[in-house]
Each structure stands twice: as C-alpha cells, then as structure tokens.
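Visitor: Quick one: the structure is below, questions incoming.
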Number of protein chains: 2
Amino acid sequence: MERELLLLGLLQQQEMHGYQLHEFIDSYMQTCVDLKKSTAYYLLEKMAKDGFITPSEEREGNRPTRQVYSLTPAGETRFLELLRENLSTFLPALFPGDTGITFLDKLPQSEAIALLQTRREALAAELDRAEKAPVHTGSLQLMIEHQIVHLRSELDWLDHVINHLTEQA
Amino acid sequence: MERELLLLGLLQQQEMHGYQLHEFIDSYMQTCVDLKKSTAYYLLEKMAKDGFITPSEEREGNRPTRQVYSLTPAGETRFLELLRENLSTFLPALFPGDTGITFLDKLPQSEAIALLQTRREALAAELDRAEKAPVHTGSLQLMIEHQIVHLRSELDWLDHVINHLTEQA
DNA sequence: ATCTGAATAGTCAAATTTGACTAATCAGGT
DNA sequence: ACCTGATTAGTCAAATTTGACTATTCAGAT
C-alpha cells in the first residue's frame, strides 16, 4: 500500500514518467521503500486502470515517446486517503539482519565477531552517506533526519553487541 | 533469503511442521521477518525439493498426518552459508511509515498532529508489549533487546516530530 | 566518422507472496 | 449427547514482485 502512496505523492507534486519516478525513489527514498523498476511500471499501469492517474504521450528530443502520468481528481482523493491511513498507523520496520542475530550462537564467537565487523563497516558507510547527503526542503528532510537518527542508533547497538561478544572471549 | 535462513535455523534446533514454524515466527519474530503461513508452506516445499530438508509423516492423537521437516546435511551447510552471509551484510530496515512522513506537509498541521498522535499510541503499545515479553535465552534475547532499543528510539523521534509540529502551530 | 560504454525507458516470464478458503479436531458449556 | 467457537493444519487461485532481457539514444574517445 505504501508503494502506491509514494507514487501518488510524487505525482501529486509534478507529473512524471515511470523511469523518472523510479530514479527518484531509488536515489532519495531507498530507505523507506524498496521499489524495483518493474514494480513501479506495474503499479502505474494498475493505478491508471483504477482511474487514479492518467497517462499522456510525451516526446523529448529524438527519444521514443513515453507515458507521462498525472493525478486525476480520484487520484488526489486516493492519495489523501492513503496518506491519512499511513500517518495514523504504526507500521513496524522489519529487520532482516536480526534473523542472523537470532542464530549468532551457532557460530564460534571469533567468527561471529569477524562477520559482524564486516557488517559494521557497511553500516558505518551507510551512515556516512546519509550524513553527507545534501539538505532537502520540507518533509522529505524530516525523513532523511529520521534515517540518520536510526542509523546512529543501529551503529551504537551493533558496537554494543560486538563488545559484548568480545568480552566473552 | 532471510526467510529461508529463519526456517532452516529453527529446523536446525528441532524438527517441526509448517504450522508450528509459522506459529513460532508469528509470536516471537514478527519484528524481524513477516512470514505468512502460506509463504512458510511454499518455502518448505521448495527447500524440500532442493534437498535442504526432508519431510516425514507424523501423526499426533487422532489428527490427520502432517509433514514434519528436519534438516539434511546439505541443509546444515546451507544454513551456515546463509547465516554467514546475513551476519556479514548490512541489510537496512525499511520504514514504510516514512512514506507518509515524506508527505506530511500535504495536510494541515492540526490534522497531521492528530494522526501522528494515533500512531504514537500504537507505537507506545508495541513498546510496552516488547518490554513485558518474557526473557528468552541465548541469541534470541539479543534480538528482542534490539527491538526494544529500536522502539524506544522510534518513540523518542516521533515525540520530537510531534513537538516540532506543535510548536509551529 | 565510428566505436564504446553509460544512461534512458521500458517488457516479460518466472518466482514469490498473499488473502481467502477448507476441513478436521478439540474444549467447554448446556 | 450436542452445539459452538477456537485451534490446528493446511490448499489454492490470484496478486504482486523480481531479475533478466531488449532496444534506443547520448557523450566522449579515437
């Protein structure tokens, strides 16, 4: 559901075509929703069929025409409906990385520590990237700051786990 | 991939049947992976076909027989392989709730505040539930504590956002 | 002028995931 | 002894999601 909200929300700000939407999402929002290109196209077609958005042919330069989508009045209503629902609900974030943590004791401590250190590097790099990202305006910036807060807290926790494991050895 | 790791990991501790696996995951691990019953059955069948687990018929009392799965040697290897990969990788948690945050400014402040307060209640309830959960042993407890740390940090952040919004009004 | 690799803009079959449904058994009340 | 609702254990068609593939255009090097 939040994928549709995201697409509608972006289209509400300005009309765009599929590739453009995917580009934006992939570069600025990979942290809240993971939306593959083919999924974006699928959803756009579906929402068009449902009457929430309408395509119009557009041609830029020499390139083949592409479908540019814009919100219909029904789409505007749908957007607000999904937005209200999203904001009032607590949708827990899932931690696929915790699956491994659950079975940490199935490996020798020393190996577990080494593996987690590799994870730590990747996490630190993510945090770095997020902290360096250019400042945006409005609510988007709010989301970016949320990510930074979250990543810091994750890094702290991971260090805590690694220390804990190291002390045991 | 982490869904398969989870199933293999649980089966490595003791053989189980589909329903039992789903029950366990749904009650103790909904926070790291969301695995529906039908997905569990699908994955079990697939992993059986791949030779990682083997089913054996079992009957309890009067009930119809059911498939109890146990790890094969190949499954044991696969489990360790997936575990190593999971531990060494940083798999970012996704925040579907941030989609709404991104479009917060599309609603009047007062309504946004009210909606977020509803979200806050749900989040606080989750935290409460997590804090009251019985203590487990081993690495599972580690994951549970991670969840608590995370939920506290989320509650803090949400309060921060609500305050910020309230001050603006 | 041509070649090469990157960027743009998608399509499609296959894999995965879901929700809705079925059906049997059990526990408790009446 | 019978009824009712919860629990157990699953199945299945439909919806969604993905990865791999295609094809065109553009920018820069040669």
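Residues in the structure tokens are named by chain (A, B, ... in the order shown) and by number from 1 within that chain; ligands are numbered from 1 in the order shown.
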Neighbouring residues of B:Glu4 were defined as those with any atom within 9 Å, considering only C-alpha atoms (C1' of nucleotides); residues of the same chain fewer than 4 positions away were excluded. Please report them as an mmCIF file with C-alpha atoms, in the first residue's frame.

Guide:
data_model
loop_
_atom_site.group_PDB
_atom_site.id
_atom_site.type_symbol
_atom_site.label_atom_id
_atom_site.label_comp_id
_atom_site.auth_asym_id
_atom_site.auth_seq_id
_atom_site.Cartn_x
_atom_site.Cartn_y
_atom_site.Cartn_z
ATOM 1 C CA LEU B 8 16.439 -23.552 8.385
ATOM 2 C CA GLY B 9 17.648 -22.114 11.677
ATOM 3 C CA ALA B 40 6.069 -20.815 5.018
ATOM 4 C CA LEU B 43 9.251 -22.287 1.166
ATOM 5 C CA LEU B 44 9.238 -25.601 2.986
ATOM 6 C CA MET B 47 13.575 -26.318 0.256
ATOM 7 C CA PHE B 79 22.052 -22.804 6.931
ATOM 8 C CA LEU B 82 23.099 -18.140 4.764
#

Visitor: Quick one: which residues from chain B are at most 7 Å off chain A, using only C-alpha atoms, as number ranges by chain?

Guide: B: 2, 6, 9, 31-33, 83-84, 86-91, 93-105, 115-116, 118-119, 122-123, 139-140, 143

Visitor: Using N, CA, C and O atoms, can you write the selected residues to a file as a short mmCIF file (atom, residue, chain, number, x, y, z; two decimals), in the first residue's frame?

Guide:
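Below is the file out.cif, written as the result:
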data_model
loop_
_atom_site.label_atom_id
_atom_site.label_comp_id
_atom_site.auth_asym_id
_atom_site.auth_seq_id
_atom_site.Cartn_x
_atom_site.Cartn_y
_atom_site.Cartn_z
N GLU B 2 16.35 -14.21 3.82
CA GLU B 2 16.37 -14.35 5.28
C GLU B 2 15.21 -15.19 5.79
O GLU B 2 15.25 -15.70 6.90
N LEU B 6 15.74 -18.26 8.33
CA LEU B 6 14.95 -18.39 9.55
C LEU B 6 14.36 -19.79 9.69
O LEU B 6 14.47 -20.44 10.74
N GLY B 9 17.13 -22.28 10.32
CA GLY B 9 17.65 -22.11 11.68
C GLY B 9 16.75 -22.75 12.72
O GLY B 9 17.23 -23.40 13.65
N THR B 31 8.95 -9.21 14.42
CA THR B 31 9.69 -7.96 14.28
C THR B 31 10.83 -8.03 13.27
O THR B 31 11.21 -7.00 12.72
N CYS B 32 11.39 -9.22 13.07
CA CYS B 32 12.47 -9.22 12.08
C CYS B 32 12.00 -9.67 10.71
O CYS B 32 12.46 -9.16 9.70
N VAL B 33 11.09 -10.63 10.65
CA VAL B 33 10.59 -11.05 9.35
C VAL B 33 9.09 -11.27 9.43
O VAL B 33 8.59 -11.82 10.40
N LEU B 83 23.65 -18.00 7.10
CA LEU B 83 23.92 -17.30 8.37
C LEU B 83 25.14 -16.41 8.24
O LEU B 83 25.12 -15.24 8.61
N ARG B 84 26.21 -16.96 7.66
CA ARG B 84 27.42 -16.16 7.48
C ARG B 84 27.14 -14.95 6.61
O ARG B 84 27.59 -13.85 6.90
N ASN B 86 24.26 -13.45 6.11
CA ASN B 86 23.39 -12.50 6.80
C ASN B 86 24.18 -11.68 7.83
O ASN B 86 24.03 -10.46 7.90
N LEU B 87 25.02 -12.35 8.59
CA LEU B 87 25.75 -11.64 9.65
C LEU B 87 26.75 -10.65 9.09
O LEU B 87 26.97 -9.59 9.69
N SER B 88 27.33 -10.96 7.96
CA SER B 88 28.39 -10.08 7.45
C SER B 88 27.82 -8.93 6.62
O SER B 88 28.54 -8.01 6.26
N THR B 89 26.53 -8.99 6.31
CA THR B 89 25.93 -7.96 5.47
C THR B 89 25.12 -6.98 6.30
O THR B 89 24.55 -7.36 7.32
N PHE B 90 25.08 -5.74 5.87
CA PHE B 90 24.15 -4.80 6.49
C PHE B 90 22.90 -4.73 5.62
O PHE B 90 22.93 -4.20 4.52
N LEU B 91 21.82 -5.29 6.13
CA LEU B 91 20.54 -5.24 5.42
C LEU B 91 19.70 -4.16 6.07
O LEU B 91 19.20 -4.33 7.18
N ALA B 93 16.90 -1.83 7.46
CA ALA B 93 15.48 -1.97 7.77
C ALA B 93 14.73 -0.93 6.94
O ALA B 93 15.22 0.17 6.74
N LEU B 94 13.56 -1.30 6.45
CA LEU B 94 12.77 -0.35 5.68
C LEU B 94 11.68 0.25 6.56
O LEU B 94 11.14 -0.42 7.44
N PHE B 95 11.37 1.51 6.33
CA PHE B 95 10.38 2.22 7.15
C PHE B 95 9.18 2.62 6.32
O PHE B 95 9.10 3.75 5.84
N PRO B 96 8.24 1.72 6.18
CA PRO B 96 7.06 2.07 5.37
C PRO B 96 6.32 3.28 5.94
O PRO B 96 5.69 4.02 5.19
N GLY B 97 6.45 3.50 7.24
CA GLY B 97 5.79 4.65 7.86
C GLY B 97 6.40 5.97 7.44
O GLY B 97 5.79 7.03 7.60
N ASP B 98 7.61 5.93 6.90
CA ASP B 98 8.26 7.16 6.48
C ASP B 98 7.69 7.70 5.18
O ASP B 98 7.92 8.86 4.83
N THR B 99 7.00 6.84 4.46
CA THR B 99 6.37 7.33 3.23
C THR B 99 5.41 8.45 3.57
O THR B 99 5.43 9.51 2.94
N GLY B 100 4.59 8.22 4.57
CA GLY B 100 3.65 9.26 4.99
C GLY B 100 4.37 10.50 5.51
O GLY B 100 4.00 11.63 5.18
N ILE B 101 5.42 10.29 6.29
CA ILE B 101 6.18 11.42 6.83
C ILE B 101 6.66 12.33 5.70
O ILE B 101 6.64 13.55 5.82
N THR B 102 7.08 11.71 4.60
CA THR B 102 7.58 12.47 3.47
C THR B 102 6.55 13.46 2.92
O THR B 102 6.91 14.48 2.36
N PHE B 103 5.27 13.12 3.08
CA PHE B 103 4.22 14.00 2.55
C PHE B 103 3.42 14.69 3.65
O PHE B 103 2.29 15.12 3.43
N LEU B 104 4.05 14.79 4.80
CA LEU B 104 3.39 15.36 5.97
C LEU B 104 2.83 16.75 5.68
O LEU B 104 1.75 17.13 6.15
N ASP B 105 3.56 17.53 4.89
CA ASP B 105 3.15 18.91 4.66
C ASP B 105 1.98 19.05 3.67
O ASP B 105 1.57 20.17 3.36
N LEU B 115 -3.21 12.79 13.60
CA LEU B 115 -2.93 11.47 13.02
C LEU B 115 -1.68 10.85 13.65
O LEU B 115 -1.66 9.67 14.00
N LEU B 116 -0.66 11.67 13.80
CA LEU B 116 0.58 11.15 14.38
C LEU B 116 0.39 10.74 15.84
O LEU B 116 1.08 9.84 16.33
N THR B 118 -2.24 9.32 17.00
CA THR B 118 -2.77 7.96 16.91
C THR B 118 -1.65 6.96 16.67
O THR B 118 -1.57 5.91 17.32
N ARG B 119 -0.75 7.32 15.78
CA ARG B 119 0.38 6.44 15.52
C ARG B 119 1.20 6.26 16.80
O ARG B 119 1.65 5.16 17.11
N ALA B 122 -0.15 3.61 19.12
CA ALA B 122 0.13 2.24 18.65
C ALA B 122 1.59 1.87 18.90
O ALA B 122 1.89 0.76 19.35
N LEU B 123 2.46 2.82 18.65
CA LEU B 123 3.89 2.56 18.87
C LEU B 123 4.17 2.32 20.34
O LEU B 123 4.88 1.37 20.72
N SER B 139 20.79 -16.09 21.86
CA SER B 139 20.80 -15.00 20.90
C SER B 139 19.41 -14.44 20.65
O SER B 139 19.27 -13.28 20.26
N LEU B 140 18.39 -15.24 20.85
CA LEU B 140 17.05 -14.73 20.63
C LEU B 140 16.78 -13.51 21.52
O LEU B 140 16.20 -12.52 21.09
N MET B 143 18.12 -10.34 20.08
CA MET B 143 17.23 -9.76 19.07
C MET B 143 16.08 -8.99 19.74
O MET B 143 15.72 -7.90 19.33
#

Visitor: At a cut-off of 9 Å, can you tabulate as a Markdown table every residue of chain A near chain D together with its closest atom pair and the distance in Å to one decimal, using only C-alpha atoms (C1' of nucleotides) and ordering rows by chain then number?

Guide:
| residue | atom | partner | partner_atom | distance |
| --- | --- | --- | --- | --- |
| A:Lys36 | CA | D:DT18 | C1' | 7.7 |
| A:Ser38 | CA | D:DT18 | C1' | 7.7 |
| A:Thr39 | CA | D:DT17 | C1' | 6.3 |
| A:Tyr42 | CA | D:DT16 | C1' | 9.0 |
| A:Asn62 | CA | D:DT25 | C1' | 7.8 |
| A:Arg63 | CA | D:DT25 | C1' | 6.6 |
| A:Pro64 | CA | D:DT24 | C1' | 7.8 |

Visitor: Deliver the residues from the most recent selection as a file, using all heavy atoms, as an mmCIF file, in the first residue's frame.

Guide:
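Wrote it out as selection-v4.cif, contents follow:
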data_model
loop_
_atom_site.group_PDB
_atom_site.id
_atom_site.type_symbol
_atom_site.label_atom_id
_atom_site.label_comp_id
_atom_site.auth_asym_id
_atom_site.auth_seq_id
_atom_site.Cartn_x
_atom_site.Cartn_y
_atom_site.Cartn_z
ATOM 1 N N LYS A 36 11.327 -1.699 -7.054
ATOM 2 C CA LYS A 36 12.061 -2.003 -8.276
ATOM 3 C C LYS A 36 11.388 -1.330 -9.462
ATOM 4 O O LYS A 36 10.201 -1.023 -9.424
ATOM 5 C CB LYS A 36 12.106 -3.505 -8.490
ATOM 6 C CG LYS A 36 12.759 -4.272 -7.364
ATOM 7 C CD LYS A 36 14.238 -3.975 -7.265
ATOM 8 C CE LYS A 36 14.968 -4.921 -6.332
ATOM 9 N NZ LYS A 36 14.592 -4.779 -4.920
ATOM 10 N N SER A 38 10.505 -2.511 -12.368
ATOM 11 C CA SER A 38 9.373 -3.231 -12.961
ATOM 12 C C SER A 38 8.137 -3.142 -12.076
ATOM 13 O O SER A 38 7.014 -3.138 -12.578
ATOM 14 C CB SER A 38 9.745 -4.683 -13.238
ATOM 15 O OG SER A 38 10.713 -5.152 -12.351
ATOM 16 N N THR A 39 8.326 -3.063 -10.765
ATOM 17 C CA THR A 39 7.183 -2.906 -9.871
ATOM 18 C C THR A 39 6.548 -1.539 -10.082
ATOM 19 O O THR A 39 5.320 -1.411 -10.097
ATOM 20 C CB THR A 39 7.627 -3.030 -8.401
ATOM 21 O OG1 THR A 39 8.354 -4.240 -8.257
ATOM 22 C CG2 THR A 39 6.438 -3.053 -7.477
ATOM 23 N N TYR A 42 4.443 -1.675 -13.121
ATOM 24 C CA TYR A 42 3.242 -2.466 -12.853
ATOM 25 C C TYR A 42 2.209 -1.633 -12.083
ATOM 26 O O TYR A 42 1.032 -1.589 -12.436
ATOM 27 C CB TYR A 42 3.608 -3.727 -12.070
ATOM 28 C CG TYR A 42 2.430 -4.406 -11.459
ATOM 29 C CD1 TYR A 42 1.560 -5.156 -12.235
ATOM 30 C CD2 TYR A 42 2.170 -4.274 -10.093
ATOM 31 C CE1 TYR A 42 0.454 -5.782 -11.673
ATOM 32 C CE2 TYR A 42 1.076 -4.890 -9.516
ATOM 33 C CZ TYR A 42 0.223 -5.641 -10.314
ATOM 34 O OH TYR A 42 -0.863 -6.250 -9.755
ATOM 35 N N ASN A 62 14.784 13.363 -29.496
ATOM 36 C CA ASN A 62 14.699 12.338 -30.525
ATOM 37 C C ASN A 62 14.179 11.007 -29.978
ATOM 38 O O ASN A 62 13.923 10.077 -30.728
ATOM 39 C CB ASN A 62 16.107 12.123 -31.083
ATOM 40 C CG ASN A 62 16.067 12.098 -32.582
ATOM 41 O OD1 ASN A 62 14.991 11.995 -33.165
ATOM 42 N ND2 ASN A 62 17.225 12.179 -33.195
ATOM 43 N N ARG A 63 14.060 10.937 -28.657
ATOM 44 C CA ARG A 63 13.775 9.652 -27.992
ATOM 45 C C ARG A 63 12.343 9.200 -28.282
ATOM 46 O O ARG A 63 11.486 10.004 -28.604
ATOM 47 C CB ARG A 63 13.969 9.802 -26.488
ATOM 48 C CG ARG A 63 15.352 10.327 -26.136
ATOM 49 C CD ARG A 63 15.596 10.258 -24.642
ATOM 50 N NE ARG A 63 16.953 9.846 -24.396
ATOM 51 C CZ ARG A 63 17.377 8.599 -24.431
ATOM 52 N NH1 ARG A 63 16.531 7.631 -24.699
ATOM 53 N NH2 ARG A 63 18.623 8.308 -24.208
ATOM 54 N N PRO A 64 12.123 7.906 -28.181
ATOM 55 C CA PRO A 64 10.763 7.396 -28.378
ATOM 56 C C PRO A 64 9.817 7.978 -27.338
ATOM 57 O O PRO A 64 10.240 8.352 -26.240
ATOM 58 C CB PRO A 64 10.926 5.884 -28.188
ATOM 59 C CG PRO A 64 12.248 5.694 -27.509
ATOM 60 C CD PRO A 64 13.097 6.867 -27.871
#

Visitor: I need the residues of stretch 37-123 of chain B that end up classed as helix (DSSP H, G or I) by DSSP on the backbone, written out as a CSV table (one decimal) with N, CA, C and O atoms, in the first residue's frame.

Guide:
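Saved file out04.csv follows:
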chain,number,residue,atom,x,y,z
B,37,LYS,N,1.6,-17.7,6.7
B,37,LYS,CA,1.5,-19.1,6.8
B,37,LYS,C,1.8,-19.7,5.4
B,37,LYS,O,2.6,-20.7,5.2
B,38,SER,N,1.1,-19.2,4.4
B,38,SER,CA,1.2,-19.8,3.1
B,38,SER,C,2.6,-19.7,2.5
B,38,SER,O,3.0,-20.6,1.8
B,39,THR,N,3.3,-18.6,2.8
B,39,THR,CA,4.7,-18.5,2.4
B,39,THR,C,5.5,-19.5,3.0
B,39,THR,O,6.4,-20.1,2.4
B,40,ALA,N,5.3,-19.8,4.3
B,40,ALA,CA,6.1,-20.8,5.0
B,40,ALA,C,5.9,-22.2,4.3
B,40,ALA,O,6.9,-22.8,4.0
B,41,TYR,N,4.7,-22.5,4.0
B,41,TYR,CA,4.4,-23.8,3.4
B,41,TYR,C,5.1,-23.9,2.0
B,41,TYR,O,5.8,-24.8,1.6
B,42,TYR,N,5.0,-22.8,1.3
B,42,TYR,CA,5.7,-22.7,0.0
B,42,TYR,C,7.2,-22.9,0.1
B,42,TYR,O,7.8,-23.7,-0.6
B,43,LEU,N,7.8,-22.2,1.0
B,43,LEU,CA,9.3,-22.3,1.2
B,43,LEU,C,9.7,-23.7,1.6
B,43,LEU,O,10.7,-24.2,1.2
B,44,LEU,N,8.9,-24.3,2.5
B,44,LEU,CA,9.2,-25.6,3.0
B,44,LEU,C,9.2,-26.6,1.8
B,44,LEU,O,10.2,-27.4,1.7
B,45,GLU,N,8.2,-26.5,1.0
B,45,GLU,CA,8.2,-27.4,-0.1
B,45,GLU,C,9.3,-27.2,-1.1
B,45,GLU,O,10.0,-28.1,-1.6
B,46,LYS,N,9.7,-25.9,-1.3
B,46,LYS,CA,10.8,-25.6,-2.2
B,46,LYS,C,12.1,-26.1,-1.6
B,46,LYS,O,12.9,-26.8,-2.3
B,47,MET,N,12.3,-25.9,-0.3
B,47,MET,CA,13.6,-26.3,0.3
B,47,MET,C,13.6,-27.8,0.3
B,47,MET,O,14.7,-28.4,0.3
B,48,ALA,N,12.5,-28.5,0.4
B,48,ALA,CA,12.5,-30.0,0.4
B,48,ALA,C,12.9,-30.4,-1.0
B,48,ALA,O,13.8,-31.3,-1.2
B,49,LYS,N,12.3,-29.8,-2.0
B,49,LYS,CA,12.7,-30.1,-3.4
B,49,LYS,C,14.2,-29.9,-3.7
B,49,LYS,O,14.8,-30.6,-4.4
B,73,PRO,N,22.0,-33.0,5.8
B,73,PRO,CA,23.4,-32.4,5.8
B,73,PRO,C,23.5,-31.2,4.9
B,73,PRO,O,24.1,-30.2,5.3
B,74,ALA,N,23.0,-31.3,3.7
B,74,ALA,CA,23.0,-30.2,2.7
B,74,ALA,C,22.3,-29.0,3.4
B,74,ALA,O,22.8,-27.8,3.2
B,75,GLY,N,21.3,-29.2,4.1
B,75,GLY,CA,20.5,-28.1,4.7
B,75,GLY,C,21.4,-27.4,5.8
B,75,GLY,O,21.4,-26.2,6.0
B,76,GLU,N,22.1,-28.3,6.5
B,76,GLU,CA,23.0,-27.7,7.6
B,76,GLU,C,24.0,-26.8,7.0
B,76,GLU,O,24.3,-25.7,7.4
B,77,THR,N,24.6,-27.3,5.9
B,77,THR,CA,25.6,-26.4,5.1
B,77,THR,C,25.0,-25.2,4.7
B,77,THR,O,25.5,-24.1,4.8
B,78,ARG,N,23.8,-25.3,4.0
B,78,ARG,CA,23.1,-24.1,3.5
B,78,ARG,C,22.8,-23.1,4.6
B,78,ARG,O,22.9,-21.9,4.5
B,79,PHE,N,22.4,-23.7,5.8
B,79,PHE,CA,22.1,-22.8,6.9
B,79,PHE,C,23.3,-22.0,7.3
B,79,PHE,O,23.2,-20.7,7.5
B,80,LEU,N,24.4,-22.6,7.5
B,80,LEU,CA,25.6,-21.9,7.9
B,80,LEU,C,26.0,-20.9,6.8
B,80,LEU,O,26.4,-19.8,7.1
B,81,GLU,N,25.9,-21.3,5.5
B,81,GLU,CA,26.2,-20.3,4.4
B,81,GLU,C,25.3,-19.1,4.5
B,81,GLU,O,25.8,-18.0,4.5
B,82,LEU,N,24.0,-19.3,4.7
B,82,LEU,CA,23.1,-18.1,4.8
B,82,LEU,C,23.4,-17.3,6.0
B,82,LEU,O,23.3,-16.1,6.0
B,83,LEU,N,23.7,-18.0,7.1
B,83,LEU,CA,23.9,-17.3,8.4
B,83,LEU,C,25.1,-16.4,8.2
B,83,LEU,O,25.1,-15.2,8.6
B,84,ARG,N,26.2,-17.0,7.7
B,84,ARG,CA,27.4,-16.2,7.5
B,84,ARG,C,27.1,-14.9,6.6
B,84,ARG,O,27.6,-13.8,6.9
B,85,GLU,N,26.4,-15.2,5.6
B,85,GLU,CA,26.1,-14.0,4.7
B,85,GLU,C,25.3,-13.0,5.4
B,85,GLU,O,25.5,-11.8,5.3
B,86,ASN,N,24.3,-13.5,6.1
B,86,ASN,CA,23.4,-12.5,6.8
B,86,ASN,C,24.2,-11.7,7.8
B,86,ASN,O,24.0,-10.5,7.9
B,87,LEU,N,25.0,-12.4,8.6
B,87,LEU,CA,25.7,-11.6,9.6
B,87,LEU,C,26.8,-10.6,9.1
B,87,LEU,O,27.0,-9.6,9.7
B,88,SER,N,27.3,-11.0,8.0
B,88,SER,CA,28.4,-10.1,7.5
B,88,SER,C,27.8,-8.9,6.6
B,88,SER,O,28.5,-8.0,6.3
B,97,GLY,N,6.4,3.5,7.2
B,97,GLY,CA,5.8,4.6,7.9
B,97,GLY,C,6.4,6.0,7.4
B,97,GLY,O,5.8,7.0,7.6
B,98,ASP,N,7.6,5.9,6.9
B,98,ASP,CA,8.3,7.2,6.5
B,98,ASP,C,7.7,7.7,5.2
B,98,ASP,O,7.9,8.9,4.8
B,99,THR,N,7.0,6.8,4.5
B,99,THR,CA,6.4,7.3,3.2
B,99,THR,C,5.4,8.5,3.6
B,99,THR,O,5.4,9.5,2.9
B,100,GLY,N,4.6,8.2,4.6
B,100,GLY,CA,3.7,9.3,5.0
B,100,GLY,C,4.4,10.5,5.5
B,100,GLY,O,4.0,11.6,5.2
B,101,ILE,N,5.4,10.3,6.3
B,101,ILE,CA,6.2,11.4,6.8
B,101,ILE,C,6.7,12.3,5.7
B,101,ILE,O,6.6,13.5,5.8
B,102,THR,N,7.1,11.7,4.6
B,102,THR,CA,7.6,12.5,3.5
B,102,THR,C,6.6,13.5,2.9
B,102,THR,O,6.9,14.5,2.4
B,104,LEU,N,4.1,14.8,4.8
B,104,LEU,CA,3.4,15.4,6.0
B,104,LEU,C,2.8,16.7,5.7
B,104,LEU,O,1.8,17.1,6.1
B,105,ASP,N,3.6,17.5,4.9
B,105,ASP,CA,3.1,18.9,4.7
B,105,ASP,C,2.0,19.0,3.7
B,105,ASP,O,1.6,20.2,3.4
B,106,LYS,N,1.5,17.9,3.2
B,106,LYS,CA,0.3,18.0,2.3
B,106,LYS,C,-1.0,18.1,3.1
B,106,LYS,O,-2.1,18.2,2.5
B,109,GLN,N,-1.5,21.3,9.6
B,109,GLN,CA,-0.7,20.9,10.7
B,109,GLN,C,-1.5,20.2,11.8
B,109,GLN,O,-1.2,19.1,12.3
B,110,SER,N,-2.7,20.8,12.1
B,110,SER,CA,-3.5,20.2,13.2
B,110,SER,C,-3.9,18.8,12.9
B,110,SER,O,-3.9,17.9,13.8
B,111,GLU,N,-4.3,18.5,11.6
B,111,GLU,CA,-4.7,17.2,11.3
B,111,GLU,C,-3.5,16.2,11.4
B,111,GLU,O,-3.6,15.1,11.9
B,112,ALA,N,-2.4,16.7,10.8
B,112,ALA,CA,-1.2,15.9,10.9
B,112,ALA,C,-0.8,15.5,12.3
B,112,ALA,O,-0.5,14.3,12.6
B,113,ILE,N,-0.9,16.4,13.2
B,113,ILE,CA,-0.6,16.2,14.6
B,113,ILE,C,-1.5,15.1,15.2
B,113,ILE,O,-1.1,14.1,15.8
B,114,ALA,N,-2.8,15.3,14.9
B,114,ALA,CA,-3.8,14.3,15.4
B,114,ALA,C,-3.5,12.9,14.9
B,114,ALA,O,-3.5,11.9,15.7
B,115,LEU,N,-3.2,12.8,13.6
B,115,LEU,CA,-2.9,11.5,13.0
B,115,LEU,C,-1.7,10.8,13.6
B,115,LEU,O,-1.7,9.7,14.0
B,116,LEU,N,-0.7,11.7,13.8
B,116,LEU,CA,0.6,11.1,14.4
B,116,LEU,C,0.4,10.7,15.8
B,116,LEU,O,1.1,9.8,16.3
B,117,GLN,N,-0.5,11.4,16.5
B,117,GLN,CA,-0.8,11.0,17.9
B,117,GLN,C,-1.4,9.6,18.0
B,117,GLN,O,-1.0,8.8,18.8
B,118,THR,N,-2.2,9.3,17.0
B,118,THR,CA,-2.8,8.0,16.9
B,118,THR,C,-1.7,7.0,16.7
B,118,THR,O,-1.6,5.9,17.3
B,119,ARG,N,-0.8,7.3,15.8
B,119,ARG,CA,0.4,6.4,15.5
B,119,ARG,C,1.2,6.3,16.8
B,119,ARG,O,1.6,5.2,17.1
B,120,ARG,N,1.4,7.3,17.5
B,120,ARG,CA,2.2,7.3,18.7
B,120,ARG,C,1.6,6.3,19.7
B,120,ARG,O,2.3,5.6,20.4
B,121,GLU,N,0.3,6.3,19.9
B,121,GLU,CA,-0.4,5.3,20.8
B,121,GLU,C,0.0,3.9,20.4
B,121,GLU,O,0.4,3.1,21.3
B,122,ALA,N,-0.1,3.6,19.1
B,122,ALA,CA,0.1,2.2,18.7
B,122,ALA,C,1.6,1.9,18.9
B,122,ALA,O,1.9,0.8,19.4
B,123,LEU,N,2.5,2.8,18.6
B,123,LEU,CA,3.9,2.6,18.9
B,123,LEU,C,4.2,2.3,20.3
B,123,LEU,O,4.9,1.4,20.7

Visitor: When the cut-off is 9 Å and we count only C-alpha atoms (C1' of nucleotides), which residues of chain C are near chain B, given as an NGL selection string?

Guide: :C and (16-18 or 24-25)

Visitor: Could you save the residues just selected, with C-alpha atoms (C1' of nucleotides), as a PDB file, in the first residue's frame?

Guide:
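Ended up saving to again.pdb:
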ATOM      1  C1'  DT C  16       7.241 -15.206  -4.736  1.00  0.00           C
ATOM      2  C1'  DT C  17       3.675 -13.697  -1.609  1.00  0.00           C
ATOM      3  C1'  DT C  18      -0.830 -13.108  -0.167  1.00  0.00           C
ATOM      4  C1'  DA C  24     -10.904 -31.661  10.858  1.00  0.00           C
ATOM      5  C1'  DT C  25     -10.418 -31.755  15.912  1.00  0.00           C
TER       6       DT C  25
END

Visitor: In terms of the shortest atom-to-atom distance over only C-alpha atoms, which of B:Gln67, B:Asn163, B:Thr137, B:Thr72 is closest to B:Gly18?

Guide: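 Comparing B:Gln67, B:Asn163, B:Thr137, B:Thr72 against B:Gly18, the winner is B:Gln67.
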
Visitor: Quick one, how far is atom C1' of C:DA23 from atom CA of B:Arg59?

Guide: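 That distance, rounded to one decimal, is 16.8 Å.
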
Visitor: Run DSSP on the backbone of this structure and report the residues of chain A it assigns to strand (DSSP E), as a ChimeraX atom specification.

Guide: /A:16-17,53-58,66-71

Visitor: So how many Å separate atom C1' of C:DA20 and atom CA of B:His22, to one decimal?

Guide: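 We find that atom C1' of C:DA20 and atom CA of B:His22 lie 17.8 Å from each other.
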